[in-house]
$ cat coords.cif   # mmCIF, C-alpha atoms and all ligand atoms
data_run
loop_
_atom_site.label_atom_id
_atom_site.label_comp_id
_atom_site.auth_asym_id
_atom_site.auth_seq_id
_atom_site.Cartn_x
_atom_site.Cartn_y
_atom_site.Cartn_z
CA MET A 1 -5.09 115.52 140.26
CA PRO A 2 -3.62 117.62 143.06
CA GLN A 3 -5.85 118.44 146.01
CA SER A 4 -6.48 122.17 146.21
CA TYR A 5 -6.40 124.39 149.28
CA ASP A 6 -6.74 128.13 149.67
CA TYR A 7 -3.96 128.00 152.26
CA ILE A 8 -1.21 125.47 152.81
CA ILE A 9 1.04 125.70 155.84
CA VAL A 10 4.24 123.66 155.68
CA GLY A 11 5.66 123.12 159.16
CA ALA A 12 3.40 122.17 162.05
CA GLY A 13 5.25 124.06 164.75
CA LEU A 14 4.19 127.13 166.67
CA ALA A 15 4.38 129.54 163.73
CA GLY A 16 2.29 127.15 161.62
CA ALA A 17 -0.31 126.67 164.35
CA SER A 18 -0.54 130.43 164.96
CA ALA A 19 -1.04 131.11 161.26
CA ILE A 20 -4.36 129.27 161.42
CA GLU A 21 -5.60 131.81 163.98
CA GLY A 22 -4.48 134.64 161.72
CA ILE A 23 -6.13 133.20 158.62
CA ARG A 24 -9.40 132.66 160.44
CA GLU A 25 -9.45 136.25 161.77
CA VAL A 26 -9.73 137.43 158.18
CA ASP A 27 -11.18 134.51 156.24
CA PRO A 28 -13.68 132.28 158.04
CA ASN A 29 -14.19 129.89 155.15
CA GLY A 30 -11.01 129.30 153.09
CA SER A 31 -9.71 125.74 153.07
CA ILE A 32 -6.52 125.09 155.08
CA LEU A 33 -3.99 122.24 155.01
CA LEU A 34 -1.37 121.98 157.76
CA MET A 35 1.52 119.69 156.82
CA GLY A 36 4.21 118.70 159.29
CA ASP A 37 6.90 116.05 159.35
CA GLU A 38 6.69 115.40 163.09
CA ALA A 39 4.08 112.91 164.22
CA HIS A 40 2.51 115.40 166.67
CA LEU A 41 0.13 118.30 166.47
CA PRO A 42 1.96 121.62 166.98
CA TYR A 43 3.37 121.99 170.47
CA ASN A 44 5.40 124.47 172.51
CA ARG A 45 9.07 123.60 172.74
CA PRO A 46 10.09 125.65 175.83
CA PRO A 47 8.72 123.04 178.29
CA LEU A 48 10.94 120.36 176.68
CA SER A 49 13.95 121.75 178.54
CA LYS A 50 12.16 123.20 181.57
CA ASP A 51 8.66 122.59 182.90
CA LEU A 52 8.26 118.96 181.76
CA TRP A 53 11.37 118.06 183.74
CA LEU A 54 10.36 120.03 186.80
CA GLY A 55 6.87 118.56 187.14
CA LYS A 56 5.31 121.93 186.32
CA GLU A 57 3.79 120.66 183.09
CA GLN A 58 2.66 117.34 181.57
CA VAL A 59 3.13 116.36 177.93
CA ASP A 60 -0.58 116.67 177.14
CA GLY A 61 -0.46 120.29 178.31
CA ILE A 62 2.20 121.51 175.88
CA PHE A 63 0.18 121.48 172.66
CA ALA A 64 -0.52 124.82 170.98
CA HIS A 65 -4.17 123.82 170.45
CA ASP A 66 -6.26 120.76 171.18
CA GLU A 67 -7.68 118.62 168.37
CA GLN A 68 -11.05 120.36 168.67
CA PHE A 69 -9.43 123.62 167.51
CA TYR A 70 -8.48 122.05 164.18
CA THR A 71 -11.95 120.56 163.79
CA ASP A 72 -13.66 123.85 164.69
CA ASN A 73 -11.47 125.72 162.21
CA ARG A 74 -11.89 123.06 159.51
CA VAL A 75 -8.17 122.45 159.14
CA ASP A 76 -7.00 119.31 157.35
CA PHE A 77 -3.73 118.13 158.72
CA ARG A 78 -1.14 115.71 157.44
CA LEU A 79 1.31 114.78 160.15
CA GLY A 80 4.45 112.71 159.66
CA ALA A 81 4.44 114.12 156.13
CA ARG A 82 7.43 116.00 154.80
CA ALA A 83 7.04 118.51 151.98
CA GLU A 84 9.83 117.68 149.59
CA GLU A 85 9.43 120.32 146.94
CA ILE A 86 7.45 123.42 146.12
CA ASP A 87 6.82 124.78 142.66
CA PRO A 88 5.84 128.44 142.95
CA GLY A 89 5.15 128.72 139.20
CA VAL A 90 2.19 126.35 139.41
CA SER A 91 1.47 126.84 143.17
CA LEU A 92 2.24 123.25 144.05
CA VAL A 93 3.55 121.44 147.14
CA ILE A 94 4.86 117.91 146.61
CA ASP A 95 5.33 115.65 149.60
CA GLU A 96 7.75 112.76 150.01
CA GLU A 97 5.06 110.29 148.84
CA LYS A 98 4.90 112.37 145.63
CA GLU A 99 1.37 113.50 146.49
CA THR A 100 0.65 116.98 145.17
CA PHE A 101 -1.30 119.87 146.65
CA ASN A 102 -2.27 123.17 145.05
CA PHE A 103 -2.22 126.30 147.14
CA GLY A 104 -3.73 129.74 146.87
CA LYS A 105 -1.23 131.04 149.45
CA LEU A 106 1.60 129.11 151.07
CA LEU A 107 3.31 129.60 154.43
CA LEU A 108 6.75 128.13 155.01
CA ALA A 109 6.91 127.67 158.79
CA THR A 110 9.65 125.09 158.72
CA GLY A 111 11.63 126.39 161.70
CA GLY A 112 15.12 125.06 162.15
CA SER A 113 17.08 121.87 162.72
CA PRO A 114 19.81 121.35 165.28
CA ARG A 115 23.37 121.85 164.12
CA THR A 116 25.14 118.52 164.20
CA LEU A 117 28.76 117.83 165.05
CA ASP A 118 30.83 116.69 162.12
CA ILE A 119 33.23 114.61 164.21
CA PRO A 120 33.80 110.86 164.50
CA GLY A 121 30.74 109.35 166.20
CA GLY A 122 28.76 112.58 165.68
CA ASP A 123 26.22 110.54 163.74
CA PHE A 124 25.71 107.82 166.40
CA GLU A 125 21.98 107.33 166.79
CA ALA A 126 22.30 107.67 170.54
CA ILE A 127 23.69 111.22 170.34
CA CYS A 128 20.66 113.41 170.89
CA TYR A 129 20.60 116.73 169.03
CA TYR A 130 17.87 118.07 171.25
CA ARG A 131 14.86 119.78 169.65
CA THR A 132 11.66 117.75 169.60
CA LEU A 133 9.09 116.06 171.80
CA ASP A 134 10.45 112.73 170.57
CA ASP A 135 13.90 113.82 171.81
CA TYR A 136 12.39 114.66 175.21
CA ASN A 137 10.66 111.25 175.36
CA GLN A 138 13.88 109.49 174.34
CA VAL A 139 16.02 111.25 176.95
CA LYS A 140 13.35 111.02 179.64
CA ALA A 141 13.16 107.25 179.17
CA MET A 142 16.92 106.97 179.74
CA THR A 143 17.20 109.20 182.79
CA GLY A 144 16.81 108.63 186.46
CA SER A 145 18.85 108.76 189.61
CA GLY A 146 22.27 107.21 189.15
CA LYS A 147 22.38 107.95 185.42
CA SER A 148 24.95 110.25 183.89
CA ALA A 149 24.71 112.71 181.01
CA THR A 150 27.15 114.73 178.97
CA VAL A 151 25.70 117.95 177.64
CA ILE A 152 27.60 119.59 174.79
CA GLY A 153 27.00 123.32 174.46
CA GLY A 154 26.86 126.18 176.94
CA GLY A 155 24.10 128.21 175.31
CA PHE A 156 20.44 128.22 176.30
CA ILE A 157 19.43 124.73 175.29
CA GLY A 158 22.56 123.14 176.78
CA SER A 159 22.26 125.13 179.99
CA GLU A 160 18.55 124.50 180.42
CA ILE A 161 18.75 120.78 179.78
CA ALA A 162 21.80 120.44 182.05
CA ALA A 163 19.91 122.21 184.86
CA ALA A 164 16.81 120.09 184.24
CA LEU A 165 18.72 116.79 184.31
CA ASN A 166 20.64 117.83 187.42
CA GLN A 167 17.31 118.50 189.14
CA ASN A 168 16.25 114.97 188.14
CA GLY A 169 19.16 113.34 189.95
CA VAL A 170 21.31 112.86 186.84
CA ASP A 171 25.07 113.33 187.15
CA VAL A 172 25.76 116.01 184.51
CA THR A 173 28.96 117.12 182.81
CA MET A 174 28.83 120.07 180.43
CA ILE A 175 31.41 120.51 177.68
CA PHE A 176 31.82 123.81 175.86
CA PRO A 177 34.65 126.20 175.01
CA GLY A 178 34.93 129.32 177.18
CA GLN A 179 34.35 129.81 180.86
CA GLY A 180 30.83 131.14 181.22
CA LEU A 181 27.33 130.08 180.23
CA CYS A 182 25.09 131.73 177.63
CA ARG A 183 27.99 134.02 176.82
CA ARG A 184 26.52 135.31 173.57
CA VAL A 185 23.77 136.98 175.59
CA PHE A 186 25.00 137.29 179.18
CA PRO A 187 27.68 139.86 179.97
CA GLU A 188 30.85 138.20 181.21
CA SER A 189 30.29 138.59 184.96
CA LEU A 190 26.76 137.17 184.78
CA SER A 191 27.91 134.37 182.51
CA LEU A 192 30.64 133.38 184.99
CA ALA A 193 28.29 133.73 187.97
CA VAL A 194 25.78 131.37 186.34
CA ALA A 195 28.55 128.86 185.57
CA ALA A 196 29.60 129.06 189.24
CA MET A 197 25.98 128.44 190.29
CA PHE A 198 25.89 125.35 188.03
CA ALA A 199 29.12 124.10 189.62
CA GLU A 200 27.63 124.62 193.10
CA LYS A 201 24.65 122.50 192.06
CA GLY A 202 27.07 119.70 191.19
CA ILE A 203 27.33 120.11 187.41
CA ARG A 204 30.90 119.54 186.19
CA ILE A 205 32.06 121.94 183.49
CA VAL A 206 34.78 120.96 181.02
CA THR A 207 35.88 123.99 179.02
CA ASP A 208 36.87 122.29 175.80
CA THR A 209 35.55 121.23 172.40
CA PRO A 210 34.46 117.69 171.56
CA ALA A 211 36.66 115.91 169.03
CA ALA A 212 34.98 112.48 168.88
CA PHE A 213 32.34 110.27 170.45
CA GLU A 214 33.19 106.66 171.21
CA ARG A 215 30.92 103.85 172.24
CA ASP A 216 32.05 102.01 175.34
CA GLY A 217 29.65 99.18 176.16
CA ASP A 218 26.38 100.84 177.21
CA LYS A 219 28.08 104.19 177.66
CA TYR A 220 29.29 106.92 175.34
CA ALA A 221 32.60 108.69 175.78
CA THR A 222 33.16 112.23 174.59
CA VAL A 223 36.81 112.78 173.77
CA THR A 224 37.76 116.45 173.71
CA LYS A 225 40.37 118.26 171.63
CA GLY A 226 42.33 118.83 174.84
CA GLY A 227 42.40 115.07 175.48
CA ALA A 228 39.75 114.77 178.22
CA ARG A 229 37.48 111.73 178.11
CA VAL A 230 34.01 112.04 179.62
CA GLU A 231 31.84 108.91 179.85
CA ALA A 232 28.10 109.01 180.30
CA ASP A 233 24.89 107.08 179.70
CA ILE A 234 23.41 109.90 177.65
CA VAL A 235 24.92 112.51 175.34
CA ILE A 236 22.87 115.59 174.47
CA VAL A 237 24.04 118.22 172.04
CA GLY A 238 22.69 121.78 171.99
CA VAL A 239 24.90 123.86 169.72
CA GLY A 240 22.35 125.95 167.89
CA ILE A 241 20.11 125.46 164.91
CA LEU A 242 20.19 126.07 161.19
CA PRO A 243 17.06 127.50 159.60
CA ASP A 244 15.23 125.02 157.36
CA VAL A 245 15.42 126.82 154.03
CA GLU A 246 15.91 124.02 151.49
CA LEU A 247 12.35 124.10 150.09
CA ALA A 248 12.61 127.85 149.59
CA ALA A 249 16.14 127.77 148.17
CA GLU A 250 15.39 125.00 145.70
CA ALA A 251 12.29 126.87 144.55
CA GLY A 252 14.41 129.94 143.82
CA LEU A 253 13.10 132.10 146.66
CA ARG A 254 15.53 134.57 148.20
CA VAL A 255 17.47 132.94 151.02
CA ASP A 256 20.13 134.56 153.18
CA ASN A 257 20.50 133.32 156.76
CA GLY A 258 16.87 132.19 156.56
CA ILE A 259 14.10 132.86 154.09
CA VAL A 260 14.14 136.56 153.33
CA VAL A 261 10.74 138.23 153.85
CA ASN A 262 9.50 141.81 153.70
CA GLU A 263 7.71 143.64 156.52
CA ARG A 264 4.48 141.79 155.65
CA LEU A 265 6.37 138.46 155.94
CA GLN A 266 6.08 137.83 152.22
CA THR A 267 8.98 136.04 150.53
CA SER A 268 10.43 137.04 147.17
CA HIS A 269 7.41 135.20 145.68
CA PRO A 270 4.27 137.20 146.51
CA GLY A 271 2.04 134.16 147.17
CA ILE A 272 4.49 132.58 149.61
CA TYR A 273 5.13 133.72 153.19
CA ALA A 274 7.58 132.63 155.88
CA ALA A 275 7.42 133.03 159.67
CA GLY A 276 9.20 131.89 162.81
CA ASP A 277 12.71 130.56 163.28
CA ASN A 278 13.30 130.31 159.52
CA ALA A 279 12.36 133.89 158.57
CA ASN A 280 14.89 136.66 158.00
CA PHE A 281 12.70 139.74 158.44
CA PRO A 282 13.07 143.52 158.80
CA PHE A 283 13.12 144.07 162.59
CA ALA A 284 11.65 147.56 162.53
CA ALA A 285 12.54 148.71 166.05
CA LEU A 286 16.17 147.65 165.64
CA GLY A 287 16.44 148.88 162.05
CA LYS A 288 18.00 145.68 160.77
CA GLN A 289 17.17 142.55 158.81
CA THR A 290 17.53 139.56 161.10
CA ARG A 291 16.26 136.19 162.24
CA VAL A 292 14.89 135.46 165.72
CA GLU A 293 14.74 131.97 167.23
CA HIS A 294 12.19 132.51 169.98
CA TRP A 295 8.75 131.30 170.97
CA ASP A 296 7.06 134.72 171.13
CA ASN A 297 8.36 135.67 167.69
CA ALA A 298 7.13 132.40 166.14
CA ARG A 299 3.70 132.94 167.71
CA LYS A 300 3.30 136.56 166.62
CA GLN A 301 4.86 136.20 163.18
CA GLY A 302 2.86 133.05 162.42
CA LYS A 303 -0.38 134.82 163.27
CA LEU A 304 0.44 137.92 161.23
CA ALA A 305 1.58 135.85 158.24
CA GLY A 306 -1.78 134.04 158.40
CA LYS A 307 -3.67 137.34 158.41
CA ASN A 308 -1.67 138.69 155.50
CA MET A 309 -2.08 135.50 153.49
CA ALA A 310 -5.81 135.97 153.88
CA GLY A 311 -5.69 139.51 152.49
CA GLY A 312 -4.24 141.62 155.33
CA GLU A 313 -1.59 144.23 154.64
CA GLU A 314 -0.10 144.59 158.11
CA ALA A 315 3.58 145.16 158.76
CA TYR A 316 5.35 143.19 161.50
CA THR A 317 6.44 145.91 163.92
CA TYR A 318 6.21 143.84 167.11
CA ILE A 319 9.25 143.54 169.41
CA PRO A 320 9.32 139.90 170.53
CA TYR A 321 10.65 138.81 173.91
CA PHE A 322 12.18 135.58 175.13
CA PHE A 323 12.50 133.92 178.49
CA SER A 324 14.41 131.22 180.25
CA ASP A 325 14.86 129.63 183.65
CA LEU A 326 18.17 128.35 184.99
CA PHE A 327 17.60 127.01 188.50
CA ASP A 328 16.31 130.06 190.39
CA LEU A 329 17.48 132.58 187.78
CA GLY A 330 14.46 133.40 185.65
CA TYR A 331 14.55 136.17 183.10
CA GLU A 332 12.77 137.87 180.25
CA ALA A 333 14.68 139.67 177.52
CA VAL A 334 13.66 141.95 174.71
CA GLY A 335 15.40 143.61 171.77
CA ASP A 336 19.01 143.10 170.80
CA VAL A 337 20.53 141.24 173.75
CA ASP A 338 23.90 140.64 172.20
CA SER A 339 26.73 140.67 174.71
CA SER A 340 29.11 142.14 172.13
CA LEU A 341 27.20 145.41 172.59
CA GLU A 342 28.07 147.68 175.52
CA THR A 343 26.25 146.30 178.56
CA PHE A 344 25.17 148.22 181.64
CA PRO A 345 23.80 146.16 184.53
CA VAL A 346 21.66 147.71 187.26
CA TRP A 347 21.62 145.10 190.02
CA GLN A 348 19.54 144.94 193.19
CA ASP A 349 21.33 141.69 194.00
CA GLU A 350 24.46 141.20 191.88
CA ASN A 351 24.07 138.69 189.06
CA ARG A 352 20.77 137.54 190.49
CA THR A 353 18.13 140.29 190.50
CA GLY A 354 18.28 143.32 188.26
CA ILE A 355 18.28 144.58 184.69
CA VAL A 356 21.03 144.42 182.09
CA TYR A 357 20.83 147.07 179.37
CA TYR A 358 22.42 146.54 175.96
CA LEU A 359 23.53 149.82 174.41
CA ARG A 360 24.78 151.22 171.15
CA ASP A 361 25.86 154.86 171.09
CA ARG A 362 24.23 155.15 174.54
CA LYS A 363 20.82 154.17 173.12
CA VAL A 364 19.07 151.12 174.55
CA ARG A 365 18.96 148.29 171.99
CA GLY A 366 17.86 145.56 174.38
CA ALA A 367 17.17 144.75 178.02
CA MET A 368 17.28 141.58 180.09
CA MET A 369 15.24 141.50 183.28
CA CYS A 370 16.70 138.95 185.71
CA ASN A 371 14.19 137.86 188.34
CA VAL A 372 12.44 141.15 187.64
CA TRP A 373 8.98 140.90 186.12
CA LYS A 374 6.36 143.01 184.38
CA LYS A 375 8.89 145.35 182.76
CA LEU A 376 8.60 144.15 179.17
CA LYS A 377 6.28 146.94 178.04
CA ALA A 378 8.48 149.64 179.57
CA ALA A 379 11.60 148.04 178.10
CA ARG A 380 10.04 147.99 174.63
CA GLU A 381 9.14 151.68 174.99
CA LEU A 382 12.70 152.46 176.01
CA ILE A 383 14.09 150.71 172.92
CA GLN A 384 11.63 152.50 170.66
CA SER A 385 12.30 155.90 172.26
CA ASP A 386 15.79 155.98 170.72
CA ALA A 387 16.78 158.26 173.63
CA ILE A 388 20.41 158.88 174.59
CA MET A 389 20.79 157.48 178.12
CA SER A 390 23.27 158.54 180.79
CA ASP A 391 24.22 156.07 183.53
CA ASP A 392 21.79 157.84 185.89
CA ASP A 393 19.03 157.66 183.28
CA LEU A 394 19.59 153.91 183.01
CA ARG A 395 19.58 153.44 186.78
CA ALA A 396 16.24 155.22 186.95
CA ALA A 397 14.73 153.91 183.69
CA LEU A 398 12.90 150.75 184.75
CA ALA A 399 13.12 151.17 188.52
C1 LIG A 401 14.18 122.63 173.95
C2 LIG A 401 13.82 124.02 173.50
C3 LIG A 401 13.54 124.99 174.45
C4 LIG A 401 13.21 126.28 174.06
N1 LIG A 401 12.96 127.21 175.02
C5 LIG A 401 12.63 128.47 174.64
C6 LIG A 401 12.37 129.46 175.63
O1 LIG A 401 12.46 129.21 176.83
N2 LIG A 401 12.01 130.69 175.21
C7 LIG A 401 11.91 131.02 173.89
O2 LIG A 401 11.57 132.16 173.57
N3 LIG A 401 12.16 130.10 172.92
C8 LIG A 401 12.53 128.84 173.27
N4 LIG A 401 12.79 127.89 172.30
C9 LIG A 401 12.72 128.29 170.88
C10 LIG A 401 11.29 128.17 170.33
O3 LIG A 401 10.73 126.95 170.72
C11 LIG A 401 11.31 128.31 168.84
O4 LIG A 401 11.69 129.64 168.55
C12 LIG A 401 9.97 127.98 168.18
O5 LIG A 401 9.65 126.64 168.40
C13 LIG A 401 10.00 128.26 166.69
O6 LIG A 401 8.81 127.88 166.13
P1 LIG A 401 8.67 127.60 164.56
O7 LIG A 401 7.25 127.20 164.34
O8 LIG A 401 9.24 128.73 163.80
O9 LIG A 401 9.64 126.38 164.25
P2 LIG A 401 9.67 124.90 164.79
O10 LIG A 401 9.23 124.85 166.20
O11 LIG A 401 11.04 124.38 164.46
O12 LIG A 401 8.61 124.15 163.90
C14 LIG A 401 8.82 123.87 162.53
C15 LIG A 401 8.19 122.56 162.18
O13 LIG A 401 8.26 122.36 160.78
C16 LIG A 401 8.65 121.03 160.51
N5 LIG A 401 9.21 120.96 159.16
C17 LIG A 401 10.43 121.43 158.74
N6 LIG A 401 10.59 121.20 157.43
C18 LIG A 401 9.47 120.56 157.01
C19 LIG A 401 9.05 120.06 155.75
N7 LIG A 401 9.80 120.17 154.66
N8 LIG A 401 7.84 119.45 155.67
C20 LIG A 401 7.06 119.33 156.77
N9 LIG A 401 7.41 119.79 157.98
C21 LIG A 401 8.59 120.40 158.10
C22 LIG A 401 9.62 120.72 161.63
O14 LIG A 401 9.82 119.35 161.82
C23 LIG A 401 8.91 121.36 162.82
O15 LIG A 401 7.97 120.49 163.37
C24 LIG A 401 13.15 126.60 172.67
C25 LIG A 401 13.44 125.62 171.71
C26 LIG A 401 13.78 124.35 172.11
C27 LIG A 401 14.12 123.30 171.08
#

$ encode --input "coords.cif" --output "structure tokens"
Amino acid sequence: MPQSYDYIIVGAGLAGASAIEGIREVDPNGSILLMGDEAHLPYNRPPLSKDLWLGKEQVDGIFAHDEQFYTDNRVDFRLGARAEEIDPGVSLVIDEEKETFNFGKLLLATGGSPRTLDIPGGDFEAICYYRTLDDYNQVKAMTGSGKSATVIGGGFIGSEIAAALNQNGVDVTMIFPGQGLCRRVFPESLSLAVAAMFAEKGIRIVTDTPAAFERDGDKYATVTKGGARVEADIVIVGVGILPDVELAAEAGLRVDNGIVVNERLQTSHPGIYAAGDNANFPFAALGKQTRVEHWDNARKQGKLAGKNMAGGEEAYTYIPYFFSDLFDLGYEAVGDVDSSLETFPVWQDENRTGIVYYLRDRKVRGAMMCNVWKKLKAARELIQSDAIMSDDDLRAALA
């Protein structure tokens, strides 16, 4: 006999944890099961590449909620348990032990998994595709002064972890194609300036693509397509994620770059919702269907999905933001911060302090505030205003 729950949440990450809050806002009594394949209660991932390394946070401070929260909210949880199949027709979740669970409503909050490199040695156990608390613990245990690390990838995760390791006395080499860092978001001049800052801090940058990993005693060599060979104690790969959509796809739900949901975060099956990194949703303010891989989005979508599962009818109209820290460059960004759009920087201190606007047809689609704080609300209003902006308007907009 399957166990029955009013609500089952598959994926014990931030979206899953936030859904509990949403459910309980509407339904104080319904039974809830939280199922996650990691061994930990839901935690925040941003500190894994920042604050934990910089002594600003300890592991026990990164959890979304303490255990008491789950007790107070009468949530059953099954950790280290992977949902292997869902059957929407009979409202069933089947885990890898073949245990079955009936749901009234189901949330798929399965997030994403790191892209792996399909090259010789790409499957060595020691190559760390960085995503989880276990990855942090594994890398942390191997680091220390005198150690060396190769970081593959020049996006956010690669850049953050390279900066973090460098600040922990590790000799870091980054390998990625192209000259600048975080190039998909940063305009070229900022991207190059940040790469120059990394070089000043002592991080070597090899602008190439890995072709193979080789084991060399206790070390691992990354051989690049251009023929370079970089040896290190640790190899970390941060080359993006793929949304975890298999459960949804195999169950016949609509999947297209993530699990497709409507404005209420409902999938193509009305009793099943999706939220967070795996959800392809209508981003109202930008007028497009898209997927967002950020902390704030997971938090807000998870909560709203929970409310709607419990009977709410609210549309997701929120404009999520994201943030990062690279040495002393901290920033918050909101909207469509895609560097292929026209960009218009307004600097107080070039490539260090100021605001970069992202424009289409002279309308603000996104804004990135570099070492400038408390402008998120105004930036959101600017995006929603749909106003045509002259250069002078932009200079004055968030001053
Ligand atoms: C190192 C790092 C640093 C980051 N820094 C920032 C930052 O500075 N700012 C920012 O905005 N964002 C940042 N992010 C991104 C942010 O953490 C994610 O957007 C957020 O974690 C997404 O939450 P989620 O709940 O949707 O998915 P996830 O956090 O991926 O959680 C999904 C959970 O579901 C589990 N799961 C998957 N499939 C199954 C299954 N079949 N059965 C059971 N469980 C399953 C997964 O193992 C995982 O535990 C960072 C991410 C990483 C990895």

$ residues_near_ligand --input "coords.cif" --ligand "ligand LIG 401 (chain A)" --cutoff "7 Å" --atoms "only C-alpha atoms and all ligand atoms" --output "number ranges by chain"
A: 10-16, 35-38, 44-49, 81-84, 109-113, 130-132, 157, 244, 247, 275-278, 293-298, 321-324

$ closest_residue --input "coords.cif" --among "A:Val346, A:Ala221, A:Val334, A:Met389" --to "Ala367 in chain A" --atoms "all atoms listed in the file"
A:Val334

$ atom_distance --input "coords.cif" --atom1 "CA of Phe124 in chain A" --atom2 "CA of Lys219 in chain A"
12.1 Å

$ residues_near_point --input "coords.cif" --point "(18.0, 107.1, 190.5)" --cutoff "12 Å" --atoms "all atoms listed in the file" --output "PyMOL selection string"
chain A and resi 142-148+165-171

$ atom_distance --input "coords.cif" --atom1 "CA of Thr71 in chain A" --atom2 "CA of Asp6 in chain A"
16.8 Å

$ closest_residue --input "coords.cif" --among "A:Thr267, A:Asn280, A:Asn351, A:Ser91" --to "Leu192 in chain A" --atoms "all atoms listed in the file"
A:Asn351

$ atom_distance --input "coords.cif" --atom1 "CA of Gly155 in chain A" --atom2 "CA of Arg299 in chain A"
22.3 Å

$ closest_atom_pairs --input "coords.cif" --of "range 270-371 of chain A" --to "range 187-190 of chain A" --cutoff "12 Å" --atoms "all atoms listed in the file" --output "tab-separated table"
residue	atom	partner	partner_atom	distance
A:Leu329	CA	A:Leu190	CA	10.8
A:Val337	CA	A:Pro187	CA	9.6
A:Asp338	CA	A:Pro187	CA	8.7
A:Ser339	CA	A:Pro187	CA	5.4
A:Ser340	CA	A:Pro187	CA	8.3
A:Leu341	CA	A:Pro187	CA	9.2
A:Glu342	CA	A:Pro187	CA	9.0
A:Thr343	CA	A:Pro187	CA	6.7
A:Phe344	CA	A:Pro187	CA	8.9
A:Pro345	CA	A:Pro187	CA	8.7
A:Val346	CA	A:Leu190	CA	12.0
A:Trp347	CA	A:Leu190	CA	10.8
A:Asp349	CA	A:Leu190	CA	11.6
A:Glu350	CA	A:Leu190	CA	8.5
A:Asn351	CA	A:Leu190	CA	5.3
A:Arg352	CA	A:Leu190	CA	8.3
A:Thr353	CA	A:Leu190	CA	10.8
A:Gly354	CA	A:Leu190	CA	11.0
A:Ile355	CA	A:Leu190	CA	11.3
A:Val356	CA	A:Pro187	CA	8.3
A:Tyr357	CA	A:Pro187	CA	10.0
A:Tyr358	CA	A:Pro187	CA	9.4
A:Ala367	CA	A:Pro187	CA	11.8
A:Met368	CA	A:Pro187	CA	10.5
A:Cys370	CA	A:Leu190	CA	10.3

$ closest_residue --input "coords.cif" --among "A:Gln348, A:Thr100, A:Ser159, A:Thr290" --to "Arg183 in chain A" --atoms "only C-alpha atoms"
A:Ser159

$ axis_aligned_box --input "coords.cif" --around "range 29-41 of chain A" --padding-each-side "3 Å" --output "AutoDock Vina command-line options"
--center_x -3.6 --center_y 121.4 --center_z 159.9 --size_x 27.1 --size_y 23.0 --size_z 19.6

$ closest_residue --input "coords.cif" --among "A:Leu108, A:Val223, A:Gln179, A:Asp72" --to "Val261 in chain A" --atoms "only C-alpha atoms"
A:Leu108

$ closest_residue --input "coords.cif" --among "A:Val235, A:Ile127, A:Ile241, A:Leu133" --to "Phe63 in chain A" --atoms "only C-alpha atoms"
A:Leu133

$ closest_residue --input "coords.cif" --among "A:Ala126, A:Leu107, A:Ala315, A:Leu54" --to "Ala164 in chain A" --atoms "all atoms listed in the file"
A:Leu54

$ build_atoms --input "coords.cif" --residues "range 82-92 of chain A" --atoms "N, CA and C atoms" --output "compact mmCIF listing (two decimals), in the coordinates of the input"
# COMPACT_ATOMS: atom_id res chain seq x y z
N ARG A 82 6.42 114.98 155.12
CA ARG A 82 7.43 116.00 154.80
C ARG A 82 7.17 116.56 153.40
N ALA A 83 7.11 117.87 153.31
CA ALA A 83 7.04 118.51 151.98
C ALA A 83 8.43 118.42 151.38
N GLU A 84 8.51 117.90 150.17
CA GLU A 84 9.83 117.68 149.59
C GLU A 84 10.19 118.74 148.58
N GLU A 85 9.17 119.34 148.00
CA GLU A 85 9.43 120.32 146.94
C GLU A 85 8.25 121.27 146.83
N ILE A 86 8.55 122.52 146.49
CA ILE A 86 7.45 123.42 146.12
C ILE A 86 7.75 123.97 144.73
N ASP A 87 6.67 124.19 143.99
CA ASP A 87 6.82 124.78 142.66
C ASP A 87 5.98 126.04 142.62
N PRO A 88 6.61 127.20 142.87
CA PRO A 88 5.84 128.44 142.95
C PRO A 88 5.13 128.77 141.64
N GLY A 89 5.73 128.39 140.50
CA GLY A 89 5.15 128.72 139.20
C GLY A 89 3.75 128.18 139.04
N VAL A 90 3.52 126.95 139.55
CA VAL A 90 2.19 126.35 139.41
C VAL A 90 1.54 126.15 140.78
N SER A 91 2.05 126.84 141.82
CA SER A 91 1.47 126.84 143.17
C SER A 91 1.27 125.42 143.70
N LEU A 92 2.34 124.66 143.70
CA LEU A 92 2.24 123.25 144.05
C LEU A 92 3.18 122.89 145.19
